[in-house]
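J.: Input structure: input-v3.cif, which contains mmCIF, C-alpha atoms and all ligand atoms.
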data_model
loop_
_atom_site.label_atom_id
_atom_site.label_comp_id
_atom_site.auth_asym_id
_atom_site.auth_seq_id
_atom_site.Cartn_x
_atom_site.Cartn_y
_atom_site.Cartn_z
CA MET A 192 0.00 0.00 0.00
CA SER A 193 1.17 3.49 -0.80
CA TRP A 194 1.43 6.19 1.86
CA LEU A 195 -0.47 8.30 -0.64
CA ASP A 196 -4.18 8.57 -0.05
CA LEU A 197 -5.31 6.73 -3.19
CA PRO A 198 -8.89 5.59 -3.80
CA GLU A 199 -9.14 1.82 -3.40
CA ASP A 200 -10.19 1.37 -7.04
CA SER A 201 -7.43 3.58 -8.44
CA LEU A 202 -6.17 2.27 -11.78
CA PHE A 203 -2.80 3.86 -11.01
CA GLY A 204 -1.75 2.29 -7.71
CA VAL A 205 1.65 0.78 -6.95
CA ALA A 206 0.83 -2.32 -9.03
CA ASN A 207 0.91 -0.17 -12.17
CA LEU A 208 3.53 2.63 -12.09
CA PRO A 209 3.63 3.55 -15.80
CA TYR A 210 6.33 5.82 -17.22
CA GLY A 211 5.90 9.02 -19.16
CA VAL A 212 7.49 12.38 -19.90
CA PHE A 213 6.01 15.50 -18.33
CA GLU A 214 6.68 19.20 -18.39
CA PRO A 215 5.90 21.10 -15.19
CA GLU A 216 4.95 24.75 -15.49
CA GLY A 217 8.12 26.72 -16.05
CA GLY A 218 10.25 23.57 -16.01
CA THR A 219 11.95 21.36 -18.56
CA PRO A 220 10.48 18.07 -19.80
CA ARG A 221 11.59 15.07 -17.77
CA ALA A 222 10.64 11.46 -17.04
CA GLY A 223 8.02 10.60 -14.48
CA VAL A 224 6.03 7.72 -13.04
CA ARG A 225 2.31 8.07 -12.55
CA ILE A 226 0.80 7.30 -9.14
CA GLY A 227 -2.90 8.10 -8.74
CA ASP A 228 -3.44 11.49 -10.36
CA LEU A 229 0.13 12.58 -9.63
CA VAL A 230 3.41 12.19 -11.44
CA LEU A 231 6.69 11.55 -9.64
CA ASP A 232 9.75 13.44 -10.88
CA LEU A 233 12.14 10.52 -11.37
CA ALA A 234 15.32 12.51 -11.96
CA ALA A 235 14.89 14.20 -8.60
CA ALA A 236 13.58 11.16 -6.73
CA LEU A 237 16.34 8.81 -7.91
CA ALA A 238 19.06 11.42 -8.49
CA ASP A 239 19.68 9.86 -11.90
CA PRO A 240 20.34 12.11 -14.92
CA VAL A 241 19.02 9.45 -17.33
CA PHE A 242 15.55 10.67 -16.33
CA ASP A 243 16.39 14.35 -16.72
CA ARG A 244 15.73 14.47 -20.46
CA PRO A 245 12.70 14.85 -22.71
CA ASP A 246 12.38 11.16 -23.62
CA LEU A 247 12.65 7.76 -21.96
CA ASN A 248 15.09 6.36 -24.54
CA GLY A 249 18.20 6.48 -22.34
CA PHE A 250 16.42 4.49 -19.66
CA LEU A 251 14.85 2.12 -22.21
CA ALA A 252 18.34 1.28 -23.50
CA GLN A 253 19.52 0.20 -20.05
CA GLY A 254 17.71 -3.13 -20.22
CA ARG A 255 15.55 -5.48 -18.25
CA ALA A 256 17.67 -5.75 -15.07
CA ARG A 257 17.77 -1.97 -14.66
CA TRP A 258 14.05 -1.62 -15.47
CA SER A 259 13.25 -4.05 -12.63
CA GLU A 260 15.61 -2.28 -10.26
CA VAL A 261 14.06 1.14 -10.91
CA ARG A 262 10.55 -0.25 -10.59
CA ALA A 263 11.43 -1.76 -7.20
CA SER A 264 13.03 1.52 -6.05
CA VAL A 265 10.00 3.59 -7.09
CA ARG A 266 7.69 1.14 -5.37
CA ASP A 267 9.74 1.43 -2.20
CA LEU A 268 9.74 5.23 -2.35
CA LEU A 269 5.94 5.27 -2.66
CA THR A 270 5.17 2.61 -0.04
CA ASP A 271 7.67 3.11 2.79
CA PRO A 272 6.32 6.04 4.84
CA GLY A 273 9.90 6.91 5.80
CA HIS A 274 10.41 8.34 2.29
CA ARG A 275 7.34 10.55 2.42
CA PRO A 276 8.97 13.83 3.57
CA ARG A 277 11.53 13.75 0.75
CA ILE A 278 9.26 12.34 -2.00
CA GLU A 279 6.01 14.22 -1.45
CA PRO A 280 7.39 17.55 -2.80
CA LEU A 281 8.50 15.72 -5.98
CA LEU A 282 4.92 14.76 -6.91
CA TYR A 283 3.10 16.99 -9.40
CA PRO A 284 -0.68 16.98 -9.90
CA LEU A 285 -1.40 15.80 -13.45
CA ASP A 286 -3.62 18.80 -14.16
CA GLN A 287 -0.62 21.08 -13.61
CA VAL A 288 1.75 19.44 -16.09
CA ARG A 289 1.87 18.88 -19.82
CA LEU A 290 2.32 15.28 -20.91
CA ARG A 291 4.58 14.74 -23.90
CA LEU A 292 5.38 11.98 -26.35
CA PRO A 293 7.07 9.58 -23.89
CA PHE A 294 9.86 8.33 -26.15
CA GLU A 295 11.59 9.23 -29.34
CA VAL A 296 10.11 6.79 -31.83
CA ALA A 297 12.78 4.94 -33.78
CA ASP A 298 11.11 2.67 -36.34
CA TYR A 299 7.37 2.15 -36.45
CA VAL A 300 5.67 -1.02 -37.64
CA ASP A 301 1.96 -1.74 -37.68
CA PHE A 302 0.59 -5.28 -37.70
CA TYR A 303 -2.81 -6.69 -38.63
CA ALA A 304 -3.14 -9.34 -35.93
CA SER A 305 -6.89 -9.47 -35.25
CA GLU A 306 -8.61 -12.25 -37.15
CA ASN A 307 -11.97 -10.51 -36.73
CA HIS A 308 -10.66 -7.20 -38.08
CA ALA A 309 -8.79 -8.82 -40.99
CA THR A 310 -11.89 -10.86 -41.87
CA ASN A 311 -14.17 -7.83 -41.71
CA LEU A 312 -11.88 -5.70 -43.88
CA GLY A 313 -11.28 -8.55 -46.30
CA ARG A 314 -15.05 -8.85 -46.80
CA MET A 315 -15.35 -5.12 -47.49
CA PHE A 316 -12.21 -4.48 -49.57
CA ARG A 317 -12.20 -7.78 -51.50
CA PRO A 318 -15.82 -9.00 -51.58
CA ASP A 319 -15.11 -11.50 -54.37
CA SER A 320 -12.36 -13.49 -52.64
CA ALA A 321 -11.78 -15.29 -49.35
CA PRO A 322 -11.76 -12.71 -46.51
CA LEU A 323 -8.38 -13.83 -45.14
CA THR A 324 -5.46 -13.90 -47.57
CA PRO A 325 -3.71 -17.32 -47.84
CA ASN A 326 -0.72 -16.09 -45.77
CA TRP A 327 -2.73 -14.64 -42.88
CA LYS A 328 -2.62 -17.64 -40.51
CA HIS A 329 1.02 -18.39 -41.32
CA LEU A 330 2.56 -15.06 -40.43
CA PRO A 331 1.65 -11.82 -38.66
CA ILE A 332 1.11 -9.42 -41.57
CA GLY A 333 2.48 -5.92 -41.08
CA TYR A 334 3.91 -2.86 -42.81
CA HIS A 335 6.55 -0.29 -41.97
CA GLY A 336 4.90 2.96 -40.99
CA ARG A 337 6.13 6.52 -40.52
CA SER A 338 7.76 7.12 -37.11
CA GLY A 339 8.09 10.87 -37.68
CA THR A 340 4.32 11.32 -37.57
CA VAL A 341 3.74 9.39 -34.36
CA VAL A 342 2.30 12.12 -32.13
CA ALA A 343 1.42 12.63 -28.48
CA SER A 344 -2.12 12.08 -27.28
CA GLY A 345 -4.10 15.29 -27.56
CA THR A 346 -2.42 16.43 -30.78
CA GLU A 347 -5.05 17.76 -33.19
CA ILE A 348 -5.49 15.66 -36.31
CA VAL A 349 -5.78 17.70 -39.50
CA ARG A 350 -8.03 15.88 -41.93
CA PRO A 351 -5.70 14.58 -44.64
CA ARG A 352 -6.06 15.35 -48.33
CA GLY A 353 -5.17 13.08 -51.17
CA GLN A 354 -6.38 11.06 -54.12
CA ARG A 355 -9.73 9.39 -53.72
CA LYS A 356 -11.54 7.14 -56.15
CA ALA A 357 -14.68 5.24 -55.30
CA PRO A 358 -15.14 1.96 -57.23
CA ASP A 359 -17.97 3.51 -59.27
CA GLU A 360 -15.98 6.62 -60.24
CA ALA A 361 -14.09 6.70 -63.53
CA ALA A 362 -11.09 8.71 -62.33
CA PRO A 363 -9.59 9.85 -59.04
CA THR A 364 -10.17 13.31 -57.61
CA PHE A 365 -8.03 15.27 -55.14
CA GLY A 366 -9.41 16.57 -51.88
CA ALA A 367 -10.08 16.07 -48.20
CA SER A 368 -10.65 12.51 -47.07
CA ARG A 369 -14.37 11.72 -46.81
CA ARG A 370 -13.77 8.49 -44.92
CA LEU A 371 -11.53 9.43 -42.01
CA ASP A 372 -11.38 6.62 -39.48
CA ILE A 373 -9.62 5.39 -36.36
CA GLU A 374 -7.93 2.11 -35.51
CA ALA A 375 -7.92 1.22 -31.80
CA GLU A 376 -4.62 -0.56 -31.26
CA VAL A 377 -2.08 -1.56 -28.64
CA GLY A 378 1.58 -0.56 -29.06
CA PHE A 379 4.75 -2.27 -27.86
CA VAL A 380 7.86 -0.24 -27.08
CA VAL A 381 11.27 -1.83 -27.66
CA GLY A 382 13.78 -1.09 -24.90
CA THR A 383 16.91 -2.91 -25.91
CA GLY A 384 17.56 -3.52 -29.57
CA SER A 385 19.25 -6.36 -31.43
CA ALA A 386 22.23 -6.70 -33.73
CA LEU A 387 21.77 -6.66 -37.50
CA GLY A 388 21.56 -10.27 -38.65
CA THR A 389 20.43 -11.66 -35.29
CA PRO A 390 16.70 -12.35 -34.95
CA ILE A 391 14.90 -12.00 -31.62
CA PRO A 392 13.20 -15.31 -30.82
CA VAL A 393 9.65 -15.47 -29.44
CA GLY A 394 11.22 -16.15 -26.03
CA GLY A 395 13.20 -12.89 -26.19
CA PHE A 396 10.10 -10.70 -26.02
CA ALA A 397 10.30 -9.77 -22.32
CA GLU A 398 14.05 -9.18 -22.57
CA HIS A 399 13.67 -6.62 -25.35
CA VAL A 400 10.24 -5.03 -24.90
CA PHE A 401 9.94 -2.45 -22.15
CA GLY A 402 6.23 -1.82 -22.08
CA VAL A 403 2.87 -1.22 -23.65
CA CYS A 404 0.85 1.85 -24.68
CA LEU A 405 -2.34 2.66 -26.56
CA VAL A 406 -2.28 3.64 -30.22
CA ASN A 407 -4.79 5.29 -32.54
CA ASP A 408 -3.77 4.57 -36.12
CA TRP A 409 -5.81 7.28 -37.89
CA SER A 410 -6.76 5.99 -41.33
CA ALA A 411 -8.19 7.68 -44.42
CA ARG A 412 -10.14 4.77 -45.91
CA ASP A 413 -10.77 6.40 -49.29
CA LEU A 414 -7.09 7.24 -49.80
CA GLN A 415 -6.17 3.77 -48.53
CA ALA A 416 -8.55 1.85 -50.79
CA TRP A 417 -7.23 3.56 -53.94
CA GLU A 418 -3.50 3.47 -53.16
CA TYR A 419 -2.89 0.19 -51.32
CA VAL A 420 -2.59 -2.24 -54.24
CA PRO A 421 -0.03 -3.81 -54.55
CA LEU A 422 2.36 -2.39 -51.91
CA GLY A 423 0.06 -1.76 -48.96
CA PRO A 424 -0.73 1.24 -46.72
CA PHE A 425 0.97 4.55 -47.55
CA LEU A 426 -0.54 8.07 -47.38
CA GLY A 427 -3.86 6.81 -46.05
CA LYS A 428 -2.08 6.06 -42.76
CA SER A 429 1.09 8.14 -42.56
CA PHE A 430 -0.42 11.55 -41.73
CA ALA A 431 -0.72 10.82 -37.98
CA THR A 432 -0.57 8.03 -35.42
CA SER A 433 -1.38 8.98 -31.82
CA VAL A 434 0.04 7.25 -28.74
CA SER A 435 -0.95 7.42 -25.07
CA PRO A 436 1.36 9.29 -22.69
CA TRP A 437 1.94 6.35 -20.31
CA ILE A 438 4.01 3.26 -21.02
CA VAL A 439 2.81 0.43 -18.78
CA PRO A 440 5.85 -1.73 -18.01
CA LEU A 441 5.59 -5.38 -18.95
CA GLU A 442 6.15 -6.27 -15.30
CA ALA A 443 2.83 -4.63 -14.42
CA LEU A 444 1.01 -6.94 -16.85
CA GLN A 445 1.86 -10.33 -15.35
CA HIS A 446 -1.75 -10.77 -14.17
CA ALA A 447 -3.09 -9.88 -17.62
CA ARG A 448 -1.36 -12.74 -19.44
CA VAL A 449 -3.70 -15.21 -21.12
CA ALA A 450 -3.37 -17.95 -23.69
CA PRO A 451 -4.00 -16.62 -27.21
CA PRO A 452 -6.75 -18.22 -29.33
CA GLU A 453 -6.16 -21.74 -30.71
CA ARG A 454 -3.82 -21.74 -33.75
CA ASP A 455 -4.92 -23.60 -36.80
CA PRO A 456 -2.77 -24.41 -38.66
CA GLU A 457 0.22 -24.66 -36.33
CA PRO A 458 2.63 -21.84 -37.27
CA LEU A 459 6.22 -22.55 -38.37
CA PRO A 460 8.63 -23.33 -35.50
CA TYR A 461 10.12 -19.81 -35.28
CA LEU A 462 6.62 -18.54 -34.43
CA ALA A 463 5.81 -21.21 -31.81
CA ASP A 464 4.58 -19.28 -28.78
CA ASP A 465 5.00 -21.45 -25.68
CA GLU A 466 5.13 -18.44 -23.39
CA LYS A 467 1.51 -17.44 -23.93
CA TRP A 468 1.87 -13.70 -24.35
CA GLY A 469 -1.79 -13.13 -25.06
CA LEU A 470 -2.94 -10.17 -22.96
CA ASP A 471 -6.33 -9.49 -21.39
CA LEU A 472 -6.44 -5.77 -22.17
CA ARG A 473 -9.95 -4.33 -22.34
CA LEU A 474 -10.15 -1.31 -24.59
CA GLU A 475 -12.91 1.26 -24.82
CA VAL A 476 -13.48 3.69 -27.67
CA ARG A 477 -15.43 6.91 -27.15
CA LEU A 478 -16.59 9.39 -29.76
CA ASN A 479 -17.35 12.84 -28.33
CA GLY A 480 -17.69 11.19 -24.93
CA HIS A 481 -20.06 8.40 -26.04
CA LEU A 482 -18.90 4.79 -25.65
CA VAL A 483 -19.05 3.19 -29.09
CA SER A 484 -16.97 0.02 -28.70
CA ARG A 485 -15.15 -2.28 -26.25
CA PRO A 486 -12.46 -4.13 -28.23
CA PRO A 487 -10.94 -7.12 -26.38
CA PHE A 488 -7.18 -7.51 -26.94
CA SER A 489 -7.35 -11.12 -25.65
CA SER A 490 -8.98 -12.08 -28.97
CA MET A 491 -5.86 -11.19 -31.01
CA TYR A 492 -4.66 -14.17 -33.08
CA TRP A 493 -0.95 -13.25 -33.02
CA THR A 494 0.82 -12.31 -29.78
CA PRO A 495 3.27 -9.40 -29.41
CA ALA A 496 6.05 -11.96 -28.86
CA GLN A 497 5.27 -13.54 -32.24
CA MET A 498 5.11 -10.12 -33.87
CA LEU A 499 8.62 -9.20 -32.66
CA ALA A 500 10.01 -12.60 -33.68
CA HIS A 501 8.52 -12.20 -37.14
CA LEU A 502 9.64 -8.58 -37.46
CA THR A 503 13.28 -9.60 -36.91
CA VAL A 504 13.39 -13.14 -38.35
CA ASN A 505 15.00 -11.93 -41.58
CA GLY A 506 17.87 -10.39 -39.61
CA ALA A 507 16.44 -6.87 -39.44
CA SER A 508 17.72 -5.25 -36.26
CA ALA A 509 15.51 -3.70 -33.59
CA ARG A 510 16.41 -0.38 -31.93
CA THR A 511 15.69 1.36 -28.66
CA GLY A 512 12.46 3.30 -29.19
CA ASP A 513 11.05 1.05 -31.89
CA LEU A 514 7.27 0.99 -31.72
CA TYR A 515 5.22 -1.82 -33.14
CA ALA A 516 1.45 -1.77 -32.97
CA SER A 517 -0.92 -4.72 -32.99
CA GLY A 518 -3.28 -3.62 -35.71
CA THR A 519 -6.92 -2.80 -35.04
CA VAL A 520 -8.31 -4.72 -32.10
CA SER A 521 -11.74 -6.11 -32.99
CA GLY A 522 -13.79 -8.72 -31.17
CA THR A 523 -16.48 -10.90 -32.70
CA GLU A 524 -19.42 -8.61 -31.88
CA ARG A 525 -20.31 -5.34 -33.55
CA ASP A 526 -19.87 -3.38 -30.30
CA GLU A 527 -16.34 -4.78 -30.07
CA TYR A 528 -15.06 -3.44 -33.40
CA GLY A 529 -12.07 -1.10 -33.20
CA SER A 530 -12.72 1.01 -36.31
CA PHE A 531 -15.64 2.93 -37.79
CA ILE A 532 -15.33 1.17 -41.12
CA GLU A 533 -16.35 -1.99 -39.23
CA LEU A 534 -18.82 -0.29 -36.86
CA SER A 535 -20.64 1.26 -39.85
CA TRP A 536 -19.88 -1.69 -42.16
CA GLY A 537 -18.19 0.34 -44.84
CA GLY A 538 -20.46 3.33 -44.26
CA LYS A 539 -23.69 1.36 -44.87
CA THR A 540 -25.06 1.22 -41.32
CA PRO A 541 -24.36 4.43 -39.37
CA VAL A 542 -23.44 4.24 -35.71
CA GLU A 543 -26.17 5.81 -33.60
CA LEU A 544 -24.99 7.96 -30.73
CA PRO A 545 -27.04 8.54 -27.56
CA ASP A 546 -27.48 12.23 -28.40
CA GLY A 547 -29.36 11.31 -31.59
CA GLU A 548 -26.43 11.99 -33.93
CA THR A 549 -25.13 9.32 -36.28
CA ARG A 550 -21.70 8.62 -37.74
CA THR A 551 -20.28 6.53 -40.50
CA PHE A 552 -16.82 8.13 -40.54
CA LEU A 553 -15.35 11.02 -38.52
CA GLU A 554 -16.56 14.59 -38.95
CA ASP A 555 -14.53 17.76 -38.30
CA GLY A 556 -14.58 18.55 -34.60
CA ASP A 557 -15.05 14.93 -33.52
CA GLU A 558 -12.92 13.80 -30.60
CA VAL A 559 -11.90 10.17 -30.21
CA ARG A 560 -10.73 8.78 -26.89
CA ILE A 561 -9.34 5.27 -26.44
CA THR A 562 -8.74 3.88 -22.95
CA ALA A 563 -7.89 0.44 -21.56
CA ILE A 564 -7.68 -1.50 -18.34
CA ALA A 565 -6.03 -4.82 -17.51
CA PRO A 566 -6.30 -7.22 -14.58
CA GLY A 567 -3.83 -6.46 -11.81
CA PRO A 568 -3.14 -8.36 -8.59
CA ASP A 569 -5.95 -9.29 -6.14
CA GLY A 570 -8.80 -8.84 -8.62
CA ASP A 571 -7.98 -5.13 -9.10
CA PHE A 572 -7.39 -3.41 -12.42
CA ILE A 573 -4.61 -1.26 -13.72
CA GLY A 574 -5.14 1.51 -16.28
CA PHE A 575 -3.42 2.65 -19.45
CA GLY A 576 -4.78 6.18 -19.36
CA GLU A 577 -5.99 7.42 -22.69
CA VAL A 578 -5.05 8.36 -26.21
CA THR A 579 -7.15 11.19 -27.59
CA GLY A 580 -7.30 13.30 -30.70
CA ARG A 581 -9.70 15.79 -32.27
CA VAL A 582 -10.24 16.15 -35.99
CA THR A 583 -9.74 19.61 -37.49
CA PRO A 584 -10.72 20.66 -41.03
CA ALA A 585 -8.46 19.87 -43.97
CA LEU A 586 -6.12 22.57 -45.25
CA GLY A 587 -8.03 24.99 -47.46
CA ASP A 588 -11.44 23.98 -46.06
MN MN A 601 -3.44 -0.02 -38.14
#
Kindly present the structure from the file in structure tokens form.

T.:
Amino acid sequence: MSWLDLPEDSLFGVANLPYGVFEPEGGTPRAGVRIGDLVLDLAAALADPVFDRPDLNGFLAQGRARWSEVRASVRDLLTDPGHRPRIEPLLYPLDQVRLRLPFEVADYVDFYASENHATNLGRMFRPDSAPLTPNWKHLPIGYHGRSGTVVASGTEIVRPRGQRKAPDEAAPTFGASRRLDIEAEVGFVVGTGSALGTPIPVGGFAEHVFGVCLVNDWSARDLQAWEYVPLGPFLGKSFATSVSPWIVPLEALQHARVAPPERDPEPLPYLADDEKWGLDLRLEVRLNGHLVSRPPFSSMYWTPAQMLAHLTVNGASARTGDLYASGTVSGTERDEYGSFIELSWGGKTPVELPDGETRTFLEDGDEVRITAIAPGPDGDFIGFGEVTGRVTPALGD
């Protein structure tokens, strides 16, 4: 128990302790750990300059043993009442700081690991063929995204412009996307990288991956549908990807581990996942404050350990600050879909909001908020915080 007066159902108790980067009023950005609705100044609390910088990368590079050591120290500082006089002045209320992008993103990869999502999109994008491509159950499909446009939660999303061509139109036109969408995803942050030529096995996941955040992979479906053949996502995705400010360390997720769904067929040996890195993360998606979906991460076909093994199996190296995202998390039910293209079934059945409004895709001014919780110890839950973003009009509109 912390000496802080936390509500019993706090999602940010000592079982969680996620890391972020915050900027106090009049101060420089620095690393912090969230406890309740406060953030602890780590550089001051631990007298370690690795935390006195505007990103977590230096700490991420230090590796698993150091991550565990720091977590244990922070826990001690927040639970042993003897530390209270020194530590209490180093806690900042969250409403008095600005939260920043928590790490400098090295490479960014996005997967496509939900069987429900891939099946739904296959039905819509390729109605005349089997919904899953022949490779889907043999490897976690992904693409390399654009790390330079990964942005902090709260960053406004300017509606992208580009080429659009509906199937019934003879030629493409240029203009603002008419089918701007979200993808509710989970992101994995690489702490220690790997050497070029040396793959990371499935069993190396916890050694290399520091923690987990929430991701909104904003997607312009009309741009995407016209451009994606044959090389995959490009401008329909690269304009912005938002991430949550808190990185939940893997160690905080031990109680969230679950077996992934049954694999059929058995994947090749390098993808054998004996460690069961399925995760019971329960996402919620809100549009302008209204709950529209509860995507269950436990339904993902491929685990994050398999994704990292696949991402490096060709010898590609991983780097500190690499971010790889799961792909849209969608359950089997309509109210578990993690994108509006699924919720509105390609724009055919609008989502009805409690205030009487309806949506197929996002309108200017819409705000999307994705949150998640996961089981912690003793039947409690831990929280991921939120990733938010508001859509602003396209340039020239
Ligand atoms: Mn995506």

J.: Restricting the calculation to only C-alpha atoms and all ligand atoms: of A:Trp327, A:Tyr303, A:Phe430, A:Phe572, which residue gets closest to ligand MN 601 (chain A)?

T.: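 Result for the nearest residue to ligand MN 601 (chain A): A:Tyr303.
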
J.: Show me, as a PyMOL selection string, the residues that have an atom within 7 Å of Val400 (chain A) when counting only C-alpha atoms, minus same-chain residues fewer than 6 positions from it.

T.: chain A and resi 379-382

J.: Kindly export the residues of the current selection with C-alpha atoms, as an mmCIF file, in the coordinates of the input.

T.:
data_model
loop_
_atom_site.group_PDB
_atom_site.id
_atom_site.type_symbol
_atom_site.label_atom_id
_atom_site.label_comp_id
_atom_site.auth_asym_id
_atom_site.auth_seq_id
_atom_site.Cartn_x
_atom_site.Cartn_y
_atom_site.Cartn_z
ATOM 1 C CA PHE A 379 4.750 -2.270 -27.860
ATOM 2 C CA VAL A 380 7.860 -0.240 -27.080
ATOM 3 C CA VAL A 381 11.270 -1.830 -27.660
ATOM 4 C CA GLY A 382 13.780 -1.090 -24.900
#

J.: Between CA of Ala256 (chain A) and CA of Trp468 (chain A), what distance in Å does the model show, to one decimal?

T.: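 That distance, rounded to one decimal, is 20.0 Å.
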
J.: Name the closest residue to Gly211 (chain A) among the candidates A:Ile438, A:Val296, A:Leu371, A:Val241; distances are taken between atoms, counting all atoms listed in the file.

T.: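 That would be A:Ile438, the residue with the smallest distance to Gly211 (chain A).
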
J.: Could you give me, as a PDB file with C-alpha atoms, in the coordinates of the input, every polymer residue with an atom at most 9 Å away from an atom of ligand MN 601 (chain A), counting all atoms listed in the file?

T.:
ATOM      1  CA  ASP A 301       1.960  -1.740 -37.680  1.00  0.00           C
ATOM      2  CA  PHE A 302       0.590  -5.280 -37.700  1.00  0.00           C
ATOM      3  CA  TYR A 303      -2.810  -6.690 -38.630  1.00  0.00           C
ATOM      4  CA  GLY A 333       2.480  -5.920 -41.080  1.00  0.00           C
ATOM      5  CA  ILE A 373      -9.620   5.390 -36.360  1.00  0.00           C
ATOM      6  CA  GLU A 374      -7.930   2.110 -35.510  1.00  0.00           C
ATOM      7  CA  ALA A 375      -7.920   1.220 -31.800  1.00  0.00           C
ATOM      8  CA  GLU A 376      -4.620  -0.560 -31.260  1.00  0.00           C
ATOM      9  CA  VAL A 406      -2.280   3.640 -30.220  1.00  0.00           C
ATOM     10  CA  ASN A 407      -4.790   5.290 -32.540  1.00  0.00           C
ATOM     11  CA  ASP A 408      -3.770   4.570 -36.120  1.00  0.00           C
ATOM     12  CA  TRP A 409      -5.810   7.280 -37.890  1.00  0.00           C
ATOM     13  CA  SER A 410      -6.760   5.990 -41.330  1.00  0.00           C
ATOM     14  CA  LYS A 428      -2.080   6.060 -42.760  1.00  0.00           C
ATOM     15  CA  THR A 432      -0.570   8.030 -35.420  1.00  0.00           C
ATOM     16  CA  ALA A 516       1.450  -1.770 -32.970  1.00  0.00           C
ATOM     17  CA  SER A 517      -0.920  -4.720 -32.990  1.00  0.00           C
ATOM     18  CA  GLY A 518      -3.280  -3.620 -35.710  1.00  0.00           C
ATOM     19  CA  THR A 519      -6.920  -2.800 -35.040  1.00  0.00           C
TER      20      THR A 519
END

J.: Go through A:Pro392, A:Pro421, A:Pro486, A:Gly469 and flag the residue nearest Leu502 (chain A), using only C-alpha atoms for the distances.

T.: A:Pro392

J.: Give me, as JSON lines, the closest atom pair and its distance (Å, one decimal) for every residue of region 243-309 of chain A within a cut-off of 8 Å of region 336-345 of chain A, counting all atoms listed in the file, rows sorted by chain and rising number.

T.:
{"residue": "A:Arg291", "atom": "CA", "partner": "A:Ala343", "partner_atom": "CA", "distance": 6.0}
{"residue": "A:Leu292", "atom": "CA", "partner": "A:Ala343", "partner_atom": "CA", "distance": 4.5}
{"residue": "A:Pro293", "atom": "CA", "partner": "A:Ala343", "partner_atom": "CA", "distance": 7.9}
{"residue": "A:Val296", "atom": "CA", "partner": "A:Ser338", "partner_atom": "CA", "distance": 5.8}
{"residue": "A:Ala297", "atom": "CA", "partner": "A:Ser338", "partner_atom": "CA", "distance": 6.4}
{"residue": "A:Asp298", "atom": "CA", "partner": "A:Ser338", "partner_atom": "CA", "distance": 5.6}
{"residue": "A:Tyr299", "atom": "CA", "partner": "A:Ser338", "partner_atom": "CA", "distance": 5.0}
{"residue": "A:Val300", "atom": "CA", "partner": "A:Gly336", "partner_atom": "CA", "distance": 5.3}
{"residue": "A:Asp301", "atom": "CA", "partner": "A:Gly336", "partner_atom": "CA", "distance": 6.5}

J.: Write out as a ChimeraX atom specification the residues lying within 10 Å of Pro545 (chain A), counting only C-alpha atoms and excluding same-chain residues fewer than 2 positions away.

T.: /A:481-483,542-543,547-549

J.: For Asp243 (chain A), find every residue with an atom within 8 Å (counting all atoms listed in the file), except residues of its own chain fewer than 2 positions away, and show them as a list in words.

T.: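 Near neighbours after the sequence-gap exclusion: Pro220, Arg221, Ala222, Leu233, Ala234, Asp239, Pro240, Val241 and Pro245 of chain A.
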
J.: With distances taken over all atoms listed in the file, which residue among A:Leu269, A:Ala397, A:Phe250, A:Leu422 lies nearest Tyr334 (chain A)?

T.: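 Looking at the shortest contact to Tyr334 (chain A), the residue is A:Leu422.
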
J.: Return as lines of an AutoDock Vina configuration file the centre and edge lengths, in Å with one decimal, of the box along x, y and z that encloses every atom of region 461-469 of chain A in the file, padded by 8 Å per side.

T.:
center_x = 4.2
center_y = -17.3
center_z = -29.3
size_x = 27.9
size_y = 24.3
size_z = 27.9

J.: Would you mind reading off the distance between CA of Gly529 (chain A) and CA of His308 (chain A), one decimal, in Å?

T.: 7.9 Å

J.: Nearest to Glu577 (chain A): which of A:Cys404, A:Leu414, A:Leu247, A:Leu426 is it, counting all atoms listed in the file?

T.: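 Looking at the shortest contact to Glu577 (chain A), the residue is A:Cys404.
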
J.: Ranking A:Thr562, A:Gln497, A:Thr511, A:Ser530 by minimum distance to Asp246 (chain A) and counting all atoms listed in the file, which one comes first?

T.: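 Looking at the shortest contact to Asp246 (chain A), the residue is A:Thr511.
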
J.: Might you pull out every residue within 6 Å of Glu214 (chain A), with only C-alpha atoms counted and same-chain residues fewer than 5 positions away left off, and present them as a list of chain:residue names?

T.: A:Thr219, A:Pro220, A:Val288, A:Arg289

J.: May I ask for the distance between CA of Phe575 (chain A) and CA of Pro351 (chain A), given in Å to one decimal place?

T.: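 The value is 28.0 Å.
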
J.: Skip Tyr283 (chain A) itself and residues of its chain fewer than 5 positions away, then list as a list in words all residues within 9 Å of it, counting all atoms listed in the file.

T.: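 Neighbouring residues, sequence-local ones excluded: Pro215, Asp228, Leu229, Val230, Leu231, Asp232 and Val288 of chain A.
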
J.: Report as JSON lines: every residue of region 307-341 of chain A with an atom at most 12 Å from region 460-466 of chain A, its closest pair of atoms, and their distance in Å to one decimal, counting all atoms listed in the file, with rows sorted by chain and ascending residue number.

T.:
{"residue": "A:Lys328", "atom": "CA", "partner": "A:Leu462", "partner_atom": "CA", "distance": 11.1}
{"residue": "A:His329", "atom": "CA", "partner": "A:Leu462", "partner_atom": "CA", "distance": 8.9}
{"residue": "A:Leu330", "atom": "CA", "partner": "A:Leu462", "partner_atom": "CA", "distance": 8.0}
{"residue": "A:Pro331", "atom": "CA", "partner": "A:Leu462", "partner_atom": "CA", "distance": 9.4}
